[in-house]
>>> print(open('start31.pdb').read())   # PDB, C-alpha atoms
ATOM      1  CA  MET A  39       7.913   6.745   5.023  1.00  0.00           C
ATOM      2  CA  LYS A  40      10.624   4.667   6.673  1.00  0.00           C
ATOM      3  CA  PHE A  41       8.491   1.512   6.669  1.00  0.00           C
ATOM      4  CA  ILE A  42       7.887   1.514   2.931  1.00  0.00           C
ATOM      5  CA  THR A  43      11.279   2.901   2.061  1.00  0.00           C
ATOM      6  CA  SER A  44      13.081   0.062   3.832  1.00  0.00           C
ATOM      7  CA  TYR A  45      11.117  -2.568   1.910  1.00  0.00           C
ATOM      8  CA  ILE A  46      11.446  -0.969  -1.492  1.00  0.00           C
ATOM      9  CA  PHE A  47      15.131  -0.478  -0.834  1.00  0.00           C
ATOM     10  CA  VAL A  48      15.456  -4.202  -1.505  1.00  0.00           C
ATOM     11  CA  PHE A  49      14.225  -3.682  -5.055  1.00  0.00           C
ATOM     12  CA  LEU A  50      15.936  -0.484  -6.081  1.00  0.00           C
ATOM     13  CA  LEU A  51      18.231  -0.261  -9.054  1.00  0.00           C
ATOM     14  CA  MET A  52      19.925   2.782  -7.571  1.00  0.00           C
ATOM     15  CA  PHE A  53      19.060   1.995  -3.935  1.00  0.00           C
ATOM     16  CA  VAL A  54      16.274   4.470  -3.071  1.00  0.00           C
ATOM     17  CA  SER A  55      12.343   4.297  -2.147  1.00  0.00           C
ATOM     18  CA  CYS A  56       8.189   4.510  -2.932  1.00  0.00           C
ATOM     19  CA  LYS A  57       4.197   5.881  -2.816  1.00  0.00           C
ATOM     20  CA  GLY A  58       0.991   8.193  -3.657  1.00  0.00           C
ATOM     21  CA  GLU A  59      -2.088  10.642  -5.015  1.00  0.00           C
ATOM     22  CA  LYS A  60      -4.869  13.558  -4.438  1.00  0.00           C
ATOM     23  CA  LYS A  61      -4.242  17.041  -3.037  1.00  0.00           C
ATOM     24  CA  TYR A  62      -3.793  16.493   0.679  1.00  0.00           C
ATOM     25  CA  HIS A  63      -5.433  19.744   1.696  1.00  0.00           C
ATOM     26  CA  ASP A  64      -8.649  18.380   0.166  1.00  0.00           C
ATOM     27  CA  THR A  65      -8.788  15.698   2.842  1.00  0.00           C
ATOM     28  CA  ASN A  66      -9.662  18.349   5.415  1.00  0.00           C
ATOM     29  CA  GLU A  67     -12.892  18.903   3.504  1.00  0.00           C
ATOM     30  CA  GLN A  68     -13.833  15.223   3.512  1.00  0.00           C
ATOM     31  CA  HIS A  69     -16.152  13.879   6.181  1.00  0.00           C
ATOM     32  CA  VAL A  70     -17.021  10.499   7.615  1.00  0.00           C
ATOM     33  CA  VAL A  71     -20.766   9.987   7.279  1.00  0.00           C
ATOM     34  CA  VAL A  72     -22.061   8.190  10.360  1.00  0.00           C
ATOM     35  CA  SER A  73     -25.653   7.363  11.101  1.00  0.00           C
ATOM     36  CA  ASP A  74     -27.331   8.633  14.271  1.00  0.00           C
ATOM     37  CA  THR A  75     -28.736   5.133  14.765  1.00  0.00           C
ATOM     38  CA  ILE A  76     -25.378   3.404  15.327  1.00  0.00           C
ATOM     39  CA  SER A  77     -23.615   3.209  18.663  1.00  0.00           C
ATOM     40  CA  SER A  78     -21.017   5.679  19.870  1.00  0.00           C
ATOM     41  CA  GLU A  79     -18.490   2.817  19.896  1.00  0.00           C
ATOM     42  CA  VAL A  80     -19.036   2.146  16.181  1.00  0.00           C
ATOM     43  CA  LYS A  81     -18.831   5.873  15.426  1.00  0.00           C
ATOM     44  CA  ALA A  82     -15.539   6.079  17.311  1.00  0.00           C
ATOM     45  CA  LYS A  83     -14.123   3.168  15.286  1.00  0.00           C
ATOM     46  CA  GLN A  84     -15.136   4.803  12.012  1.00  0.00           C
ATOM     47  CA  LEU A  85     -13.538   8.080  13.025  1.00  0.00           C
ATOM     48  CA  SER A  86     -10.389   6.232  14.115  1.00  0.00           C
ATOM     49  CA  LYS A  87     -10.166   4.526  10.716  1.00  0.00           C
ATOM     50  CA  TYR A  88     -10.645   7.852   8.986  1.00  0.00           C
ATOM     51  CA  GLU A  89      -8.012   9.612  11.076  1.00  0.00           C
ATOM     52  CA  SER A  90      -5.545   6.793  10.392  1.00  0.00           C
ATOM     53  CA  ALA A  91      -6.051   7.228   6.639  1.00  0.00           C
ATOM     54  CA  VAL A  92      -5.602  10.998   6.947  1.00  0.00           C
ATOM     55  CA  ALA A  93      -2.340  10.423   8.821  1.00  0.00           C
ATOM     56  CA  PHE A  94      -1.161   8.103   6.035  1.00  0.00           C
ATOM     57  CA  GLN A  95      -1.844  10.766   3.400  1.00  0.00           C
ATOM     58  CA  LYS A  96       0.013  13.358   5.428  1.00  0.00           C
ATOM     59  CA  GLU A  97       3.011  11.088   5.971  1.00  0.00           C
ATOM     60  CA  ILE A  98       3.311  10.016   2.348  1.00  0.00           C
ATOM     61  CA  ASN A  99       3.009  13.604   1.134  1.00  0.00           C
ATOM     62  CA  GLU A 100       5.772  14.642   3.526  1.00  0.00           C
ATOM     63  CA  GLU A 101       7.975  11.978   1.983  1.00  0.00           C
ATOM     64  CA  TYR A 102       7.243  12.977  -1.597  1.00  0.00           C
ATOM     65  CA  THR A 103       7.808  16.671  -0.936  1.00  0.00           C
ATOM     66  CA  ASN A 104      11.122  15.964   0.797  1.00  0.00           C
ATOM     67  CA  PRO A 105      13.927  16.174  -1.799  1.00  0.00           C
ATOM     68  CA  LYS A 106      16.003  13.678   0.193  1.00  0.00           C
ATOM     69  CA  GLU A 107      13.281  11.009   0.234  1.00  0.00           C
ATOM     70  CA  SER A 108      11.089  11.675  -2.797  1.00  0.00           C
ATOM     71  CA  PRO A 109      11.184   9.100  -5.622  1.00  0.00           C
ATOM     72  CA  LEU A 110      10.103  11.757  -8.117  1.00  0.00           C
ATOM     73  CA  THR A 111      12.430  12.725 -10.930  1.00  0.00           C
ATOM     74  CA  LYS A 112      14.039  16.140 -10.713  1.00  0.00           C
ATOM     75  CA  GLU A 113      11.694  17.389 -13.419  1.00  0.00           C
ATOM     76  CA  ASP A 114       8.529  16.130 -11.698  1.00  0.00           C
ATOM     77  CA  PHE A 115       9.664  17.336  -8.285  1.00  0.00           C
ATOM     78  CA  ILE A 116       9.709  20.941  -9.472  1.00  0.00           C
ATOM     79  CA  GLY A 117       6.388  22.476  -8.476  1.00  0.00           C
ATOM     80  CA  PHE A 118       5.131  19.257  -6.883  1.00  0.00           C
ATOM     81  CA  GLU A 119       2.774  19.871  -3.963  1.00  0.00           C
ATOM     82  CA  SER A 120       0.834  16.689  -3.283  1.00  0.00           C
ATOM     83  CA  LEU A 121      -0.099  13.223  -4.438  1.00  0.00           C
ATOM     84  CA  ASP A 122      -3.627  12.486  -5.580  1.00  0.00           C
ATOM     85  CA  PHE A 123      -5.873  10.221  -3.503  1.00  0.00           C
ATOM     86  CA  PHE A 124      -9.373   8.829  -3.719  1.00  0.00           C
ATOM     87  CA  THR A 125     -11.725  10.290  -1.125  1.00  0.00           C
ATOM     88  CA  ILE A 126     -11.196   8.406   2.125  1.00  0.00           C
ATOM     89  CA  ASP A 127     -13.794   5.659   2.467  1.00  0.00           C
ATOM     90  CA  THR A 128     -13.767   3.671   5.715  1.00  0.00           C
ATOM     91  CA  THR A 129     -15.736   0.829   4.091  1.00  0.00           C
ATOM     92  CA  PHE A 130     -12.465  -0.051   2.365  1.00  0.00           C
ATOM     93  CA  ASN A 131     -10.941  -0.762   5.784  1.00  0.00           C
ATOM     94  CA  VAL A 132     -11.662  -4.455   6.368  1.00  0.00           C
ATOM     95  CA  THR A 133     -10.752  -7.215   8.800  1.00  0.00           C
ATOM     96  CA  ALA A 134      -9.306 -10.291   7.107  1.00  0.00           C
ATOM     97  CA  THR A 135      -8.799 -13.799   8.410  1.00  0.00           C
ATOM     98  CA  LEU A 136      -5.157 -14.826   8.083  1.00  0.00           C
ATOM     99  CA  GLU A 137      -4.590 -18.384   6.885  1.00  0.00           C
ATOM    100  CA  ARG A 138      -0.890 -18.952   7.554  1.00  0.00           C
ATOM    101  CA  THR A 139       1.161 -21.103   5.149  1.00  0.00           C
ATOM    102  CA  PRO A 140       4.110 -22.293   7.277  1.00  0.00           C
ATOM    103  CA  ASN A 141       5.219 -24.911   4.737  1.00  0.00           C
ATOM    104  CA  ALA A 142       5.481 -22.519   1.790  1.00  0.00           C
ATOM    105  CA  GLN A 143       8.819 -22.580  -0.006  1.00  0.00           C
ATOM    106  CA  PRO A 144      10.783 -19.396  -0.821  1.00  0.00           C
ATOM    107  CA  PHE A 145      10.650 -18.190  -4.417  1.00  0.00           C
ATOM    108  CA  LEU A 146      12.033 -15.394  -6.548  1.00  0.00           C
ATOM    109  CA  MET A 147       9.432 -12.708  -7.183  1.00  0.00           C
ATOM    110  CA  PRO A 148      10.068 -10.963 -10.525  1.00  0.00           C
ATOM    111  CA  THR A 149      10.405  -7.201 -10.673  1.00  0.00           C
ATOM    112  CA  THR A 150      10.178  -4.507 -13.323  1.00  0.00           C
ATOM    113  CA  THR A 151      13.886  -5.025 -14.080  1.00  0.00           C
ATOM    114  CA  ASP A 152      16.131  -8.074 -14.354  1.00  0.00           C
ATOM    115  CA  LYS A 153      16.424  -8.149 -10.581  1.00  0.00           C
ATOM    116  CA  SER A 154      14.270 -10.391  -8.363  1.00  0.00           C
ATOM    117  CA  SER A 155      13.353 -10.590  -4.690  1.00  0.00           C
ATOM    118  CA  GLU A 156      13.442 -13.702  -2.533  1.00  0.00           C
ATOM    119  CA  GLU A 157      10.029 -13.970  -0.926  1.00  0.00           C
ATOM    120  CA  VAL A 158       7.912 -16.542   0.831  1.00  0.00           C
ATOM    121  CA  LEU A 159       4.133 -16.822   0.878  1.00  0.00           C
ATOM    122  CA  TYR A 160       3.354 -15.994   4.511  1.00  0.00           C
ATOM    123  CA  GLY A 161      -0.352 -16.571   4.265  1.00  0.00           C
ATOM    124  CA  ILE A 162      -3.684 -16.057   2.528  1.00  0.00           C
ATOM    125  CA  LEU A 163      -5.998 -13.236   3.583  1.00  0.00           C
ATOM    126  CA  HIS A 164      -9.728 -13.968   3.406  1.00  0.00           C
ATOM    127  CA  PHE A 165     -12.085 -11.011   3.668  1.00  0.00           C
ATOM    128  CA  GLU A 166     -15.364  -9.484   2.549  1.00  0.00           C
ATOM    129  CA  LEU A 167     -15.558  -6.123   0.835  1.00  0.00           C
ATOM    130  CA  HIS A 168     -18.962  -4.527   0.270  1.00  0.00           C
ATOM    131  CA  GLY A 169     -20.606  -7.908   0.732  1.00  0.00           C
ATOM    132  CA  LYS A 170     -18.347  -9.780  -1.704  1.00  0.00           C
ATOM    133  CA  PRO A 171     -15.794 -12.446  -0.668  1.00  0.00           C
ATOM    134  CA  PHE A 172     -12.161 -12.048  -1.729  1.00  0.00           C
ATOM    135  CA  GLN A 173      -8.742 -13.412  -0.932  1.00  0.00           C
ATOM    136  CA  LEU A 174      -5.189 -12.123  -1.409  1.00  0.00           C
ATOM    137  CA  ASN A 175      -1.789 -13.683  -0.844  1.00  0.00           C
ATOM    138  CA  VAL A 176       0.533 -11.847   1.524  1.00  0.00           C
ATOM    139  CA  TYR A 177       4.304 -12.223   1.336  1.00  0.00           C
ATOM    140  CA  GLN A 178       7.385 -11.859   3.512  1.00  0.00           C
ATOM    141  CA  SER A 179      10.820 -10.811   2.303  1.00  0.00           C
ATOM    142  CA  LEU A 180      13.529 -13.238   3.419  1.00  0.00           C
ATOM    143  CA  GLN A 181      16.006 -10.376   3.539  1.00  0.00           C
ATOM    144  CA  LEU A 182      13.843  -8.074   5.637  1.00  0.00           C
ATOM    145  CA  ARG A 183      12.830 -10.728   8.142  1.00  0.00           C
ATOM    146  CA  GLU A 184      16.480 -10.973   9.149  1.00  0.00           C
ATOM    147  CA  THR A 185      16.419  -7.341  10.304  1.00  0.00           C
ATOM    148  CA  GLU A 186      15.226  -6.265  13.739  1.00  0.00           C
ATOM    149  CA  ALA A 187      13.049  -3.380  12.557  1.00  0.00           C
ATOM    150  CA  TYR A 188      11.230  -5.257   9.790  1.00  0.00           C
ATOM    151  CA  ARG A 189      11.159  -8.819  11.080  1.00  0.00           C
ATOM    152  CA  ASP A 190       7.359  -8.730  11.216  1.00  0.00           C
ATOM    153  CA  TYR A 191       6.838  -6.865   7.919  1.00  0.00           C
ATOM    154  CA  LEU A 192       4.380  -8.298   5.387  1.00  0.00           C
ATOM    155  CA  PHE A 193       4.063  -7.237   1.751  1.00  0.00           C
ATOM    156  CA  LEU A 194       0.631  -7.084   0.105  1.00  0.00           C
ATOM    157  CA  PRO A 195       0.761  -6.316  -3.635  1.00  0.00           C
ATOM    158  CA  PHE A 196      -2.532  -6.295  -5.543  1.00  0.00           C
ATOM    159  CA  SER A 197      -4.152  -5.237  -8.776  1.00  0.00           C
ATOM    160  CA  ASP A 198      -7.796  -4.384  -9.435  1.00  0.00           C
ATOM    161  CA  LYS A 199     -10.211  -2.977 -11.996  1.00  0.00           C
ATOM    162  CA  THR A 200      -9.045   0.615 -11.555  1.00  0.00           C
ATOM    163  CA  ASN A 201      -5.548  -0.150 -12.878  1.00  0.00           C
ATOM    164  CA  GLY A 202      -4.700   1.758 -16.034  1.00  0.00           C
ATOM    165  CA  GLU A 203      -7.698   4.028 -15.530  1.00  0.00           C
ATOM    166  CA  THR A 204      -7.666   5.938 -12.254  1.00  0.00           C
ATOM    167  CA  THR A 205      -4.727   4.038 -10.729  1.00  0.00           C
ATOM    168  CA  TYR A 206      -1.275   2.919 -11.815  1.00  0.00           C
ATOM    169  CA  GLY A 207      -1.431   0.155 -14.407  1.00  0.00           C
ATOM    170  CA  GLY A 208       1.005  -2.086 -12.589  1.00  0.00           C
ATOM    171  CA  GLY A 209      -1.060  -2.353  -9.402  1.00  0.00           C
ATOM    172  CA  ARG A 210      -0.424  -1.053  -5.899  1.00  0.00           C
ATOM    173  CA  TYR A 211       1.047  -2.126  -2.567  1.00  0.00           C
ATOM    174  CA  ILE A 212      -0.046  -2.139   1.076  1.00  0.00           C
ATOM    175  CA  ASP A 213       2.263  -2.517   4.091  1.00  0.00           C
ATOM    176  CA  LEU A 214       1.205  -4.853   6.891  1.00  0.00           C
ATOM    177  CA  ARG A 215       2.646  -6.264  10.109  1.00  0.00           C
ATOM    178  CA  ILE A 216       2.354  -9.835  11.363  1.00  0.00           C
ATOM    179  CA  PRO A 217      -0.536  -9.954  13.861  1.00  0.00           C
ATOM    180  CA  GLU A 218      -0.528 -11.861  17.117  1.00  0.00           C
ATOM    181  CA  GLY A 219      -3.769 -13.620  16.249  1.00  0.00           C
ATOM    182  CA  ASP A 220      -5.450 -14.856  13.089  1.00  0.00           C
ATOM    183  CA  THR A 221      -7.001 -11.604  11.918  1.00  0.00           C
ATOM    184  CA  ILE A 222      -5.414  -8.617  10.245  1.00  0.00           C
ATOM    185  CA  THR A 223      -6.674  -5.219   9.098  1.00  0.00           C
ATOM    186  CA  ILE A 224      -6.400  -4.304   5.425  1.00  0.00           C
ATOM    187  CA  ASP A 225      -6.943  -0.603   4.810  1.00  0.00           C
ATOM    188  CA  PHE A 226      -7.114  -0.001   1.070  1.00  0.00           C
ATOM    189  CA  ASN A 227      -7.072   3.736   1.811  1.00  0.00           C
ATOM    190  CA  LYS A 228      -3.360   3.142   2.423  1.00  0.00           C
ATOM    191  CA  ALA A 229      -2.682   1.524  -0.943  1.00  0.00           C
ATOM    192  CA  TYR A 230       0.250   3.231  -2.652  1.00  0.00           C
ATOM    193  CA  ASN A 231       2.077   3.106  -5.972  1.00  0.00           C
ATOM    194  CA  PRO A 232       5.430   1.385  -6.435  1.00  0.00           C
ATOM    195  CA  TYR A 233       8.283   3.841  -6.941  1.00  0.00           C
ATOM    196  CA  CYS A 234       8.691   2.755 -10.550  1.00  0.00           C
ATOM    197  CA  ALA A 235       5.355   4.471 -11.228  1.00  0.00           C
ATOM    198  CA  TYR A 236       7.250   7.743 -10.741  1.00  0.00           C
ATOM    199  CA  ASN A 237      10.792   6.958 -11.762  1.00  0.00           C
ATOM    200  CA  LYS A 238      12.101   4.202 -14.065  1.00  0.00           C
ATOM    201  CA  LYS A 239      15.385   3.929 -12.155  1.00  0.00           C
ATOM    202  CA  TYR A 240      13.586   1.863  -9.513  1.00  0.00           C
ATOM    203  CA  SER A 241      13.073  -1.861  -9.617  1.00  0.00           C
ATOM    204  CA  CYS A 242       9.682  -2.861  -8.173  1.00  0.00           C
ATOM    205  CA  PRO A 243       8.071  -6.258  -7.505  1.00  0.00           C
ATOM    206  CA  ILE A 244       5.458  -7.236 -10.086  1.00  0.00           C
ATOM    207  CA  VAL A 245       2.035  -8.010  -8.627  1.00  0.00           C
ATOM    208  CA  PRO A 246       1.437 -11.791  -8.856  1.00  0.00           C
ATOM    209  CA  LYS A 247      -1.520 -12.641 -11.103  1.00  0.00           C
ATOM    210  CA  GLU A 248      -3.211 -14.522  -8.240  1.00  0.00           C
ATOM    211  CA  ASN A 249      -3.493 -11.189  -6.407  1.00  0.00           C
ATOM    212  CA  THR A 250      -5.800  -9.678  -9.001  1.00  0.00           C
ATOM    213  CA  LEU A 251      -9.125  -8.525  -7.577  1.00  0.00           C
ATOM    214  CA  ASP A 252     -12.162  -8.591  -9.850  1.00  0.00           C
ATOM    215  CA  TYR A 253     -13.347  -5.373  -8.230  1.00  0.00           C
ATOM    216  CA  ALA A 254     -12.647  -1.643  -8.387  1.00  0.00           C
ATOM    217  CA  ILE A 255     -10.661  -0.538  -5.325  1.00  0.00           C
ATOM    218  CA  THR A 256     -11.525   3.162  -5.345  1.00  0.00           C
ATOM    219  CA  ALA A 257      -9.375   3.953  -2.326  1.00  0.00           C
ATOM    220  CA  GLY A 258      -5.782   4.931  -1.718  1.00  0.00           C
ATOM    221  CA  VAL A 259      -3.365   6.558  -4.139  1.00  0.00           C
ATOM    222  CA  LYS A 260      -4.377   7.293  -7.720  1.00  0.00           C
ATOM    223  CA  LYS A 261      -2.074   7.283 -10.717  1.00  0.00           C
ATOM    224  CA  PHE A 262       0.507  10.034 -10.940  1.00  0.00           C
ATOM    225  CA  LYS A 263      -0.338  12.994 -13.162  1.00  0.00           C
ATOM    226  CA  LYS A 264       2.668  14.969 -14.296  1.00  0.00           C
TER
END
>>> encode(input="start31.pdb", output="C-alpha cells")
Amino acid sequence: MKFITSYIFVFLLMFVSCKGEKKYHDTNEQHVVVSDTISSEVKAKQLSKYESAVAFQKEINEEYTNPKESPLTKEDFIGFESLDFFTIDTTFNVTATLERTPNAQPFLMPTTTDKSSEEVLYGILHFELHGKPFQLNVYQSLQLRETEAYRDYLFLPFSDKTNGETTYGGGRYIDLRIPEGDTITIDFNKAYNPYCAYNKKYSCPIVPKENTLDYAITAGVKKFKK
C-alpha cells in the first residue's frame, strides 16, 4: 500500500515498506450481522464499514504477494498466499474526538534499531469502545508533512492485550488523515503489523508506552505465522 509504504520508508534500514494477517478468501464467508429493528441508514453504514475493511484486506494482501513490494523475506515469500486477519467486526470502527496539541514540541521517537524518527504529538484521540472510554496519542512525521502527498498523514501506533498472543508482540499501527473537523474515524480492522514483524532488516517505530490499551483489540492483522 503506497500510503503505508511511504511512511515506513522513513524508518527503513534498507529503505523498503510494511503490514498484515488471515486468509483473505475467508473474508468472503464473513457476514455483517444487522438487526431488522435498526434503520436502513444504520444498516448502510455498517455495510460500508465492512466493505472498507474488506478492501483494506485485499489491498494489503496484494502488497504482500507482490515480490516488488512485499516486506517478507525470500524464504517466507515462497508459498505465501495471504496474511491472517481477525474476523471483521464493525464494532471496532469508532468515531474519536480529536483534541489537537498545537504547542507540542517535536521529539525523536525510538525505533527497533539505532535510528529514530522526528515526530510531533498532533493530538489526543478520545473514544469509546464497547462502552469503555479510551484515549490514544496520534503523531505526525516532520519529514512526511513536508511532502505534498503525505502532508495530512497521521501515525497511530498502539499496543493492547492481544500482543504476544494472537498479535505481534511489538504492537500495531493504523494510518489516519487529518480531518477537517474535530472527529476522526479509527477502524481497528485496519490495524497492521510493522514491517520488522516480518523482516529484521527494517527499522520500525516503537509504540510509546502511553499508547497501551488495557483491552484486547481482536481486529485487524494477527501475528505472522511462518
>>> resolve_selection(input="start31.pdb", expression="the PyMOL selection byres ((chain A and resi 143-158) around 10)", output="number ranges by chain")
A: 48-51, 139-142, 159-161, 176-182, 193, 208, 234, 238-246
>>> closest_residue(input="start31.pdb", among="A:Tyr88, A:Phe94, A:Tyr102, A:Phe262", to="Glu203 (chain A)", atoms="all atoms listed in the file")
A:Phe262
>>> closest_residue(input="start31.pdb", among="A:Pro171, A:Glu137, A:Gly207, A:Gly202", to="Ile222 (chain A)", atoms="all atoms listed in the file")
A:Glu137
>>> closest_residue(input="start31.pdb", among="A:Pro109, A:Pro195, A:Asn131, A:Asp220", to="Ala235 (chain A)", atoms="only C-alpha atoms")
A:Pro109
>>> closest_residue(input="start31.pdb", among="A:Lys263, A:Gln84, A:Asn237, A:Tyr206", to="Ser108 (chain A)", atoms="all atoms listed in the file")
A:Asn237
